[in-house]
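The file run.txt contains compact mmCIF, C-alpha atoms:
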# COMPACT_ATOMS: atom_id res chain seq x y z
CA MET A 94 123.59 -44.05 244.98
CA SER A 95 120.76 -42.21 246.72
CA LYS A 96 123.07 -40.86 249.43
CA LEU A 97 125.51 -39.58 246.84
CA SER A 98 122.83 -37.99 244.68
CA LEU A 99 121.06 -36.30 247.61
CA LYS A 100 124.20 -35.19 249.46
CA PRO A 101 124.54 -31.89 247.50
CA LEU A 102 120.90 -31.15 248.27
CA LEU A 103 121.38 -31.59 252.03
CA ARG A 104 124.62 -29.70 252.58
CA THR A 105 125.04 -26.10 253.79
CA GLU A 106 121.69 -24.38 254.42
CA MET A 107 119.48 -26.59 252.28
CA PRO A 108 117.85 -28.38 255.26
CA LEU A 109 116.79 -24.97 256.59
CA TYR A 110 115.27 -24.06 253.23
CA LEU A 111 113.43 -27.40 253.17
CA VAL A 112 111.96 -26.87 256.65
CA ILE A 113 110.77 -23.39 255.66
CA LEU A 114 109.33 -24.83 252.43
CA PHE A 115 107.51 -27.53 254.41
CA LEU A 116 105.98 -25.01 256.83
CA ILE A 117 104.90 -22.63 254.07
CA GLU A 118 103.35 -25.43 252.01
CA PHE A 119 101.67 -26.81 255.15
CA VAL A 120 99.89 -23.48 255.58
CA ARG A 121 99.22 -23.21 251.84
CA GLY A 122 97.50 -26.60 251.63
CA ALA A 123 95.59 -25.99 254.84
CA ALA A 124 94.51 -22.52 253.75
CA LEU A 125 93.34 -23.30 250.21
CA ILE A 126 91.69 -26.66 250.82
CA SER A 127 90.24 -26.24 254.30
CA PHE A 128 90.85 -22.99 256.14
CA LEU A 129 89.72 -20.34 253.65
CA PRO A 130 86.49 -22.10 252.58
CA ILE A 131 85.42 -23.30 256.05
CA TYR A 132 86.67 -20.42 258.20
CA GLY A 133 85.44 -17.84 255.69
CA ASP A 134 81.97 -19.42 255.69
CA LYS A 135 81.44 -20.45 259.32
CA ALA A 136 83.53 -17.91 261.23
CA LEU A 137 83.27 -14.85 258.99
CA GLY A 138 79.91 -15.51 257.29
CA LEU A 139 81.23 -14.80 253.78
CA ASN A 140 79.55 -16.01 250.59
CA LEU A 141 81.16 -18.68 248.42
CA ASP A 142 81.80 -16.22 245.58
CA VAL A 143 83.92 -14.10 247.93
CA ILE A 144 85.82 -17.18 249.10
CA GLY A 145 86.40 -18.20 245.47
CA ALA A 146 87.66 -14.71 244.64
CA ALA A 147 90.05 -14.90 247.60
CA ILE A 148 91.55 -18.18 246.39
CA THR A 149 91.93 -16.71 242.90
CA ALA A 150 93.64 -13.64 244.40
CA HIS A 151 96.07 -15.93 246.21
CA TYR A 152 97.04 -17.72 243.00
CA PHE A 153 97.23 -14.44 241.11
CA THR A 154 99.79 -12.90 243.46
CA ASP A 155 101.73 -16.15 243.75
CA THR A 156 101.98 -16.56 239.97
CA GLY A 157 102.33 -12.89 239.09
CA LEU A 158 105.20 -12.31 241.51
CA LYS A 159 107.31 -15.30 240.47
CA LEU A 160 109.08 -13.31 237.76
CA ALA A 161 109.75 -10.35 240.06
CA ILE A 162 110.95 -12.56 242.90
CA GLY A 163 113.26 -14.44 240.56
CA TYR A 164 114.73 -11.12 239.47
CA LEU A 165 115.19 -10.02 243.10
CA LEU A 166 116.85 -13.30 244.05
CA ASP A 167 119.46 -12.63 241.38
CA ARG A 168 120.31 -9.29 243.03
CA MET A 169 119.47 -9.42 246.73
CA SER A 170 120.32 -11.80 249.56
CA VAL A 171 118.20 -14.90 249.96
CA ARG A 172 117.45 -13.95 253.57
CA THR A 173 116.03 -10.57 252.57
CA VAL A 174 113.73 -11.94 249.87
CA VAL A 175 112.56 -15.07 251.72
CA ALA A 176 112.07 -13.24 255.03
CA ALA A 177 110.12 -10.42 253.37
CA GLY A 178 107.87 -12.90 251.57
CA SER A 179 107.32 -14.93 254.75
CA LEU A 180 106.41 -11.75 256.63
CA PHE A 181 103.78 -10.83 254.03
CA SER A 182 102.32 -14.33 254.35
CA LEU A 183 102.22 -14.02 258.13
CA ILE A 184 100.42 -10.67 257.86
CA GLY A 185 97.93 -12.15 255.38
CA ILE A 186 97.05 -15.07 257.66
CA ALA A 187 96.93 -12.87 260.78
CA ALA A 188 94.53 -10.46 259.04
CA MET A 189 92.00 -13.25 258.49
CA GLN A 190 90.55 -12.80 261.97
CA TYR A 191 89.49 -9.27 261.04
CA ALA A 192 88.51 -10.03 257.44
CA ASP A 193 84.72 -10.27 257.71
CA ILE A 194 84.53 -7.55 255.04
CA PRO A 195 84.89 -9.19 251.58
CA TRP A 196 87.61 -6.92 250.20
CA VAL A 197 89.69 -7.35 253.36
CA PHE A 198 89.37 -11.14 253.12
CA ILE A 199 90.41 -11.11 249.46
CA THR A 200 93.33 -8.77 250.18
CA ALA A 201 94.52 -10.96 253.07
CA ALA A 202 94.50 -14.03 250.82
CA ALA A 203 96.43 -12.11 248.15
CA LEU A 204 99.03 -11.04 250.73
CA TYR A 205 99.50 -14.65 251.77
CA GLY A 206 100.27 -15.59 248.16
CA ILE A 207 103.32 -13.29 248.17
CA GLY A 208 105.32 -15.55 250.47
CA ILE A 209 105.01 -18.79 248.49
CA SER A 210 107.42 -18.18 245.63
CA PRO A 211 110.77 -17.14 247.18
CA VAL A 212 111.79 -20.27 249.09
CA TRP A 213 110.50 -22.55 246.31
CA ILE A 214 112.61 -20.81 243.67
CA VAL A 215 115.63 -20.82 246.01
CA CYS A 216 115.31 -24.59 246.42
CA LEU A 217 115.07 -25.03 242.64
CA THR A 218 118.31 -23.10 242.13
CA LYS A 219 120.16 -25.59 244.37
CA ILE A 220 119.42 -28.57 242.11
CA LYS A 221 122.59 -30.08 240.59
CA GLU A 222 122.83 -30.54 236.82
CA ASP A 223 123.75 -34.23 236.71
CA GLN A 224 121.10 -35.42 239.19
CA ARG A 225 118.21 -33.11 238.34
CA ALA A 226 115.32 -35.59 238.35
CA THR A 227 116.51 -37.44 241.47
CA GLN A 228 116.96 -34.29 243.51
CA MET A 229 113.73 -32.77 242.23
CA GLY A 230 111.97 -35.94 243.31
CA PHE A 231 113.26 -35.35 246.83
CA LEU A 232 112.29 -31.67 246.71
CA TYR A 233 108.79 -32.50 245.51
CA THR A 234 108.46 -35.08 248.29
CA VAL A 235 109.00 -32.35 250.89
CA TRP A 236 106.58 -30.09 249.02
CA LEU A 237 103.84 -32.72 248.76
CA VAL A 238 104.15 -33.88 252.37
CA GLY A 239 103.74 -30.27 253.54
CA LEU A 240 100.91 -29.54 251.11
CA GLY A 241 99.06 -32.74 252.01
CA SER A 242 99.52 -32.74 255.77
CA GLY A 243 98.22 -29.18 256.15
CA PRO A 244 94.57 -29.93 255.25
CA VAL A 245 94.57 -33.14 257.33
CA VAL A 246 95.71 -31.36 260.49
CA ILE A 247 93.56 -28.27 260.00
CA ASN A 248 90.45 -30.35 259.21
CA LEU A 249 90.83 -32.08 262.57
CA VAL A 250 91.31 -28.74 264.35
CA LEU A 251 88.41 -27.09 262.51
CA ASP A 252 86.06 -29.81 263.76
CA TYR A 253 87.20 -29.00 267.29
CA ASP A 254 87.52 -25.20 267.32
CA LEU A 255 87.45 -22.63 264.50
CA GLN A 256 89.48 -20.07 266.41
CA LEU A 257 92.13 -22.63 267.32
CA SER A 258 92.56 -23.42 263.63
CA TYR A 259 93.25 -19.74 263.03
CA TRP A 260 95.95 -19.64 265.70
CA VAL A 261 97.56 -22.84 264.39
CA MET A 262 97.85 -21.19 260.97
CA VAL A 263 99.31 -18.04 262.49
CA GLY A 264 101.74 -20.06 264.62
CA VAL A 265 103.08 -22.09 261.67
CA SER A 266 103.40 -18.94 259.55
CA LEU A 267 105.25 -17.23 262.39
CA ALA A 268 107.64 -20.19 262.69
CA ALA A 269 108.39 -20.02 258.95
CA TRP A 270 109.18 -16.30 259.19
CA LEU A 271 111.43 -16.71 262.25
CA LEU A 272 113.35 -19.52 260.55
CA SER A 273 113.83 -17.35 257.46
CA LEU A 274 115.72 -14.86 259.64
CA LEU A 275 118.33 -17.59 260.31
CA ILE A 276 119.33 -17.72 256.63
CA ARG A 277 122.80 -16.33 256.12
CA GLY A 278 123.25 -13.32 253.88
CA GLY A 279 124.59 -13.61 250.34
CA LYS A 280 123.28 -14.32 246.87
CA SER A 281 121.24 -17.44 246.15
CA VAL A 282 123.60 -18.59 243.40
CA HIS A 283 126.62 -17.33 241.50
CA ILE A 284 125.33 -14.55 239.31
CA ASP A 285 126.93 -13.55 236.05
CA THR A 286 127.31 -9.79 235.70
CA VAL A 287 124.94 -9.34 232.79
CA PRO A 288 122.63 -6.35 232.14
CA PHE A 289 118.93 -7.05 232.75
CA ARG A 290 118.04 -6.53 229.09
CA ARG A 291 120.71 -9.04 228.13
CA GLN A 292 119.29 -11.52 230.65
CA LEU A 293 115.81 -11.11 229.18
CA SER A 294 117.28 -11.65 225.73
CA ILE A 295 118.91 -14.92 226.86
CA LEU A 296 115.68 -16.06 228.48
CA GLY A 297 113.76 -15.17 225.34
CA LYS A 298 116.14 -17.32 223.31
CA ARG A 299 115.67 -20.23 225.72
CA LEU A 300 111.88 -19.85 225.54
CA ARG A 301 112.05 -19.96 221.75
CA GLU A 302 114.21 -23.10 221.94
CA MET A 303 111.66 -24.80 224.20
CA LYS A 304 108.56 -23.40 222.46
CA LEU A 305 107.19 -26.90 221.85
CA LEU A 306 107.31 -27.50 225.60
CA LEU A 307 105.28 -24.37 226.37
CA PRO A 308 101.85 -25.84 225.49
CA GLY A 309 102.52 -28.71 227.86
CA MET A 310 103.57 -26.28 230.60
CA VAL A 311 100.22 -24.47 230.39
CA LEU A 312 97.92 -27.38 229.52
CA GLN A 313 98.99 -29.65 232.37
CA THR A 314 98.41 -26.96 235.00
CA LEU A 315 95.18 -25.99 233.24
CA GLY A 316 93.94 -29.58 233.45
CA ALA A 317 94.93 -29.92 237.10
CA GLY A 318 93.41 -26.53 237.94
CA MET A 319 90.09 -27.50 236.36
CA LEU A 320 89.80 -30.37 238.84
CA LEU A 321 90.33 -28.33 242.01
CA PRO A 322 86.86 -26.79 242.46
CA ILE A 323 84.85 -29.89 241.50
CA LEU A 324 86.70 -32.96 242.82
CA PRO A 325 85.08 -33.06 246.30
CA SER A 326 81.53 -32.68 244.96
CA PHE A 327 82.25 -35.14 242.11
CA ALA A 328 83.42 -37.74 244.62
CA VAL A 329 80.25 -37.31 246.70
CA ASN A 330 77.69 -36.89 243.90
CA SER A 331 79.03 -39.18 241.18
CA LEU A 332 81.10 -41.76 243.07
CA ASP A 333 78.81 -41.97 246.13
CA MET A 334 81.75 -41.40 248.46
CA THR A 335 81.53 -40.20 252.03
CA ALA A 336 83.93 -37.60 253.37
CA THR A 337 85.96 -40.43 254.92
CA HIS A 338 86.14 -42.29 251.60
CA TYR A 339 87.31 -39.13 249.84
CA SER A 340 90.00 -38.56 252.47
CA ILE A 341 91.22 -42.13 251.96
CA LEU A 342 91.30 -41.59 248.18
CA LEU A 343 93.42 -38.47 248.59
CA MET A 344 95.75 -40.21 251.03
CA ILE A 345 96.29 -43.12 248.61
CA GLY A 346 96.97 -40.85 245.64
CA GLY A 347 99.16 -38.44 247.58
CA GLY A 348 101.01 -41.21 249.41
CA CYS A 349 101.85 -43.06 246.20
CA THR A 350 103.11 -39.82 244.69
CA VAL A 351 105.36 -39.08 247.67
CA ILE A 352 106.74 -42.64 247.80
CA GLY A 353 107.32 -42.75 244.04
CA LEU A 354 108.97 -39.36 243.45
CA ILE A 355 112.55 -40.23 244.36
CA PRO A 356 112.72 -43.67 242.64
CA MET A 357 110.97 -42.28 239.56
CA GLY A 358 113.43 -39.39 239.52
CA LYS A 359 116.38 -41.79 239.62
CA LEU A 360 114.93 -43.92 236.82
CA SER A 361 114.29 -40.93 234.57
CA ASP A 362 117.86 -39.72 235.21
CA ALA A 363 119.13 -43.13 234.13
CA PHE A 364 116.86 -43.93 231.18
CA GLY A 365 115.73 -40.55 229.86
CA LYS A 366 112.59 -38.57 230.49
CA LYS A 367 110.55 -39.02 227.32
CA TRP A 368 108.63 -42.19 228.18
CA PHE A 369 108.12 -41.23 231.79
CA LEU A 370 106.30 -38.13 230.59
CA ILE A 371 104.37 -39.90 227.83
CA VAL A 372 103.21 -42.83 229.97
CA GLY A 373 102.56 -40.62 232.99
CA PHE A 374 100.36 -38.14 231.09
CA LEU A 375 98.56 -40.96 229.24
CA ALA A 376 97.79 -42.89 232.43
CA PHE A 377 96.57 -39.70 234.10
CA GLY A 378 94.18 -38.98 231.24
CA LEU A 379 92.85 -42.55 230.98
CA VAL A 380 92.22 -42.79 234.72
CA LEU A 381 90.25 -39.54 234.68
CA PHE A 382 88.08 -40.96 231.90
CA ALA A 383 87.66 -44.17 233.94
CA LEU A 384 86.40 -42.14 236.90
CA THR A 385 83.58 -40.71 234.76
CA LEU A 386 82.22 -44.28 234.43
CA HIS A 387 81.21 -44.18 238.13
CA PRO A 388 83.42 -47.05 239.34
CA PRO A 389 82.70 -48.77 242.69
CA LEU A 390 84.66 -47.68 245.74
CA GLY A 391 87.33 -50.38 245.51
CA LEU A 392 88.09 -49.62 241.86
CA ALA A 393 88.08 -45.87 242.50
CA LEU A 394 90.71 -46.34 245.21
CA PHE A 395 92.79 -48.40 242.77
CA TRP A 396 92.56 -45.58 240.22
CA ALA A 397 93.78 -43.21 242.93
CA PHE A 398 96.83 -45.45 243.29
CA VAL A 399 97.47 -45.29 239.53
CA LEU A 400 97.07 -41.49 239.54
CA GLY A 401 99.61 -41.18 242.34
CA VAL A 402 102.19 -43.32 240.53
CA SER A 403 101.57 -41.43 237.26
CA TYR A 404 102.07 -38.08 238.95
CA ALA A 405 105.28 -39.35 240.53
CA ALA A 406 106.55 -40.34 237.08
CA VAL A 407 105.75 -36.97 235.52
CA LEU A 408 106.83 -34.44 238.16
CA PRO A 409 110.61 -34.99 238.50
CA ALA A 410 111.11 -35.77 234.79
CA TRP A 411 109.14 -32.72 233.64
CA ASN A 412 110.85 -30.24 235.94
CA ALA A 413 114.28 -31.72 235.24
CA LEU A 414 113.59 -31.12 231.55
CA LEU A 415 112.71 -27.49 232.27
CA ALA A 416 115.79 -27.05 234.46
CA ALA A 417 118.06 -27.60 231.45
CA TYR A 418 116.75 -24.33 229.95
CA VAL A 419 117.55 -22.14 232.96
CA PRO A 420 120.52 -19.93 231.94
CA PRO A 421 123.61 -20.39 234.15
CA GLY A 422 123.99 -17.53 236.62
CA GLN A 423 120.34 -16.50 236.24
CA GLN A 424 118.52 -19.30 238.04
CA GLY A 425 116.29 -17.02 240.05
CA LEU A 426 115.05 -15.07 237.04
CA GLY A 427 114.89 -18.20 234.88
CA TRP A 428 112.79 -20.22 237.31
CA GLY A 429 110.63 -17.17 237.91
CA VAL A 430 109.82 -16.96 234.19
CA PHE A 431 109.11 -20.68 233.82
CA SER A 432 107.02 -20.84 237.00
CA THR A 433 105.00 -17.87 235.79
CA VAL A 434 104.29 -19.60 232.46
CA GLU A 435 103.18 -22.75 234.28
CA GLY A 436 101.06 -20.69 236.67
CA ILE A 437 98.92 -19.33 233.82
CA GLY A 438 97.11 -22.66 233.52
CA GLY A 439 96.73 -22.88 237.29
CA MET A 440 95.01 -19.50 237.40
CA ILE A 441 92.67 -20.16 234.49
CA GLY A 442 91.87 -23.79 235.30
CA PRO A 443 89.64 -23.36 238.39
CA VAL A 444 87.51 -20.73 236.61
CA VAL A 445 87.12 -22.93 233.50
CA GLY A 446 86.33 -26.00 235.59
CA GLY A 447 83.74 -24.16 237.64
CA LEU A 448 82.00 -22.71 234.58
CA ILE A 449 81.87 -26.06 232.74
CA ALA A 450 80.57 -27.87 235.82
CA THR A 451 77.84 -25.26 236.29
CA ARG A 452 76.76 -25.31 232.65
CA TYR A 453 77.11 -29.03 232.01
CA SER A 454 78.26 -31.43 234.75
CA GLU A 455 81.17 -32.29 237.03
CA ALA A 456 81.83 -35.44 235.00
CA SER A 457 82.32 -33.37 231.84
CA VAL A 458 85.09 -31.42 233.61
CA ILE A 459 86.81 -34.68 234.61
CA GLY A 460 86.51 -36.00 231.03
CA LEU A 461 87.82 -32.79 229.46
CA ALA A 462 90.79 -32.70 231.82
CA GLY A 463 91.51 -36.32 230.92
CA LEU A 464 91.41 -35.43 227.22
CA LEU A 465 93.95 -32.64 227.77
CA PHE A 466 96.42 -35.03 229.39
CA ILE A 467 95.96 -37.60 226.60
CA VAL A 468 96.60 -34.90 223.97
CA ILE A 469 99.81 -33.88 225.76
CA SER A 470 100.95 -37.52 225.86
CA ALA A 471 100.16 -38.12 222.17
CA PHE A 472 102.02 -34.98 221.12
CA TYR A 473 105.21 -36.03 222.89
CA VAL A 474 105.08 -39.54 221.40
CA PHE A 475 105.93 -38.04 218.01
CA PHE A 476 108.11 -35.16 219.13
CA PRO A 477 111.90 -35.77 218.89
CA PHE A 478 112.95 -35.43 222.53
CA ARG A 479 116.62 -35.55 221.55
CA LEU A 480 116.23 -31.88 220.60
CA PHE A 481 115.53 -30.97 224.23
CA ARG A 482 118.44 -29.84 226.35
CA GLY A 483 117.29 -31.95 229.29
CA GLU A 484 116.93 -35.17 227.31
CA SER A 485 120.55 -36.03 226.59
CA SER A 486 121.81 -39.50 227.30
CA PRO A 487 123.15 -40.18 230.83
CA SER A 488 126.70 -40.30 229.56
CA THR A 489 126.48 -36.84 228.06
CA ALA A 490 124.27 -35.18 230.66
CA LYS A 491 127.12 -33.14 232.09
CA GLU A 492 127.96 -31.75 228.68
CA ALA A 493 124.65 -29.96 228.18
CA PRO A 494 125.29 -26.22 227.88

What does this structure look like when you write it as structure tokens?
Amino acid sequence: MSKLSLKPLLRTEMPLYLVILFLIEFVRGAALISFLPIYGDKALGLNLDVIGAAITAHYFTDTGLKLAIGYLLDRMSVRTVVAAGSLFSLIGIAAMQYADIPWVFITAAALYGIGISPVWIVCLTKIKEDQRATQMGFLYTVWLVGLGSGPVVINLVLDYDLQLSYWVMVGVSLAAWLLSLLIRGGKSVHIDTVPFRRQLSILGKRLREMKLLLPGMVLQTLGAGMLLPILPSFAVNSLDMTATHYSILLMIGGGCTVIGLIPMGKLSDAFGKKWFLIVGFLAFGLVLFALTLHPPLGLALFWAFVLGVSYAAVLPAWNALLAAYVPPGQQGLGWGVFSTVEGIGGMIGPVVGGLIATRYSEASVIGLAGLLFIVISAFYVFFPFRLFRGESSPSTAKEAP
């Protein structure tokens, strides 16, 4: 079954897209979690507020350009859009060596954010209707492995040589750009000949249809974003973890997510997505609350395991549900709109989390994020999922318009 369901994802140029996605996410994870904070501080002597502004600038360009890139992918060749984005990312990383002036550092980080969206949206447009969750589980596995391996590798290199870490980042970015030049010309998907205003009208109709999903789209990324700036210090200050313990915690959570994505995707394709989302969000929220009780190391590592499994249950089911609302022939624009909506929470979350942690405590951020996920879960318990396009029974999945 797995070979049959993944075969459409691996034919034609999809493996090339996946390699480019892996390389870009490798650099993204390495840059945001390790390279920008450490290199900006130790090599460039920049203050933490400048580094924080640079990370925000990265997310701003990444999120803000998703709609425009989706529109371009509906009208230009994949090679042109992906290669141009990869080139901007390469320029952004290369400029870091000369970015000891704050505005240059922030601009370089913003330039790097331009190259994230194109290949991700291209991969999303290749997902097949009748195996959405399964194939998205595979796609997210590639994404997570790249995103997680980047910080691990760069952390090791940073301990050895700061300048070498810079050249590793440049080299991987260069490889991604060169591979993007191998993409054949042509449109990303079959595009219906529809005026842009008409396309926006169709998308507006779909957004109105899925309006009860919109709060979840924003709140889940808001909750996750709140955790980003405070998790390392929370682990050290509240859970008495060493850097090694924290690395192990991340590896357990991330590894369980990667291992669970494809089987969870298959199960949600077979049994429906409602309870995977409800249980996944609920478990995520309860575990975050449990972490505020200062559990011992062994229990904290177990909670990391539960978080990883919960995330694996939510990701493919959630994105498969969204995929049902992408208008046929307008996948690039459709995914651009939805990714932009989701990105709103990701942009706001780190700022909110940082402010709450400064005014109150890191534990209060963890607890509030947990409450958000529990609220999302409770809402979807009572919401009639049968009204969602992506929640038809397996036997009628192909009939969804």

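Here atom CA of A:Lys135 and atom CA of A:Ala456 stand 28.6 Å from one another.
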
A:Val143: which residues within 8 Å, counting all atoms listed in the file, same-chain residues fewer than 3 positions away excluded, as a short mmCIF file (atom, residue, chain, number, x, y, z; two decimals) with C-alpha atoms, keeping the file's coordinate frame?
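Result file result-v9.cif:
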data_model
loop_
_atom_site.label_atom_id
_atom_site.label_comp_id
_atom_site.auth_asym_id
_atom_site.auth_seq_id
_atom_site.Cartn_x
_atom_site.Cartn_y
_atom_site.Cartn_z
CA LEU A 139 81.23 -14.80 253.78
CA ASN A 140 79.55 -16.01 250.59
CA ALA A 146 87.66 -14.71 244.64
CA ALA A 147 90.05 -14.90 247.60
CA PRO A 195 84.89 -9.19 251.58
CA ILE A 199 90.41 -11.11 249.46
#

Would you list the residues near (100.5, -25.3, 238.7), meaning any protein, DNA or RNA residue with an atom at most 9 Å from that point in file coordinates, counting only C-alpha atoms, as a PyMOL selection string? chain A and resi 156+310-311+313-315+317-318+432+435-440

Rounded to one decimal in Å, what is the spacing between atom CA of A:Leu332 and atom CA of A:Leu384? 8.1 Å

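Ranking A:Leu125, A:Leu183, A:Leu465, A:Leu324 by their shortest atom-to-atom distance to A:Val265, with only C-alpha atoms included, puts A:Leu183 first.
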
Report, as lines of an AutoDock Vina configuration file, the centre and edge lengths in Å (one decimal) of the axis-aligned box enclosing every listed atom of stretch 446-465 of chain A, padded by 5 Å on each side.
center_x = 85.4
center_y = -29.5
center_z = 232.4
size_x = 27.2
size_y = 23.6
size_z = 20.4
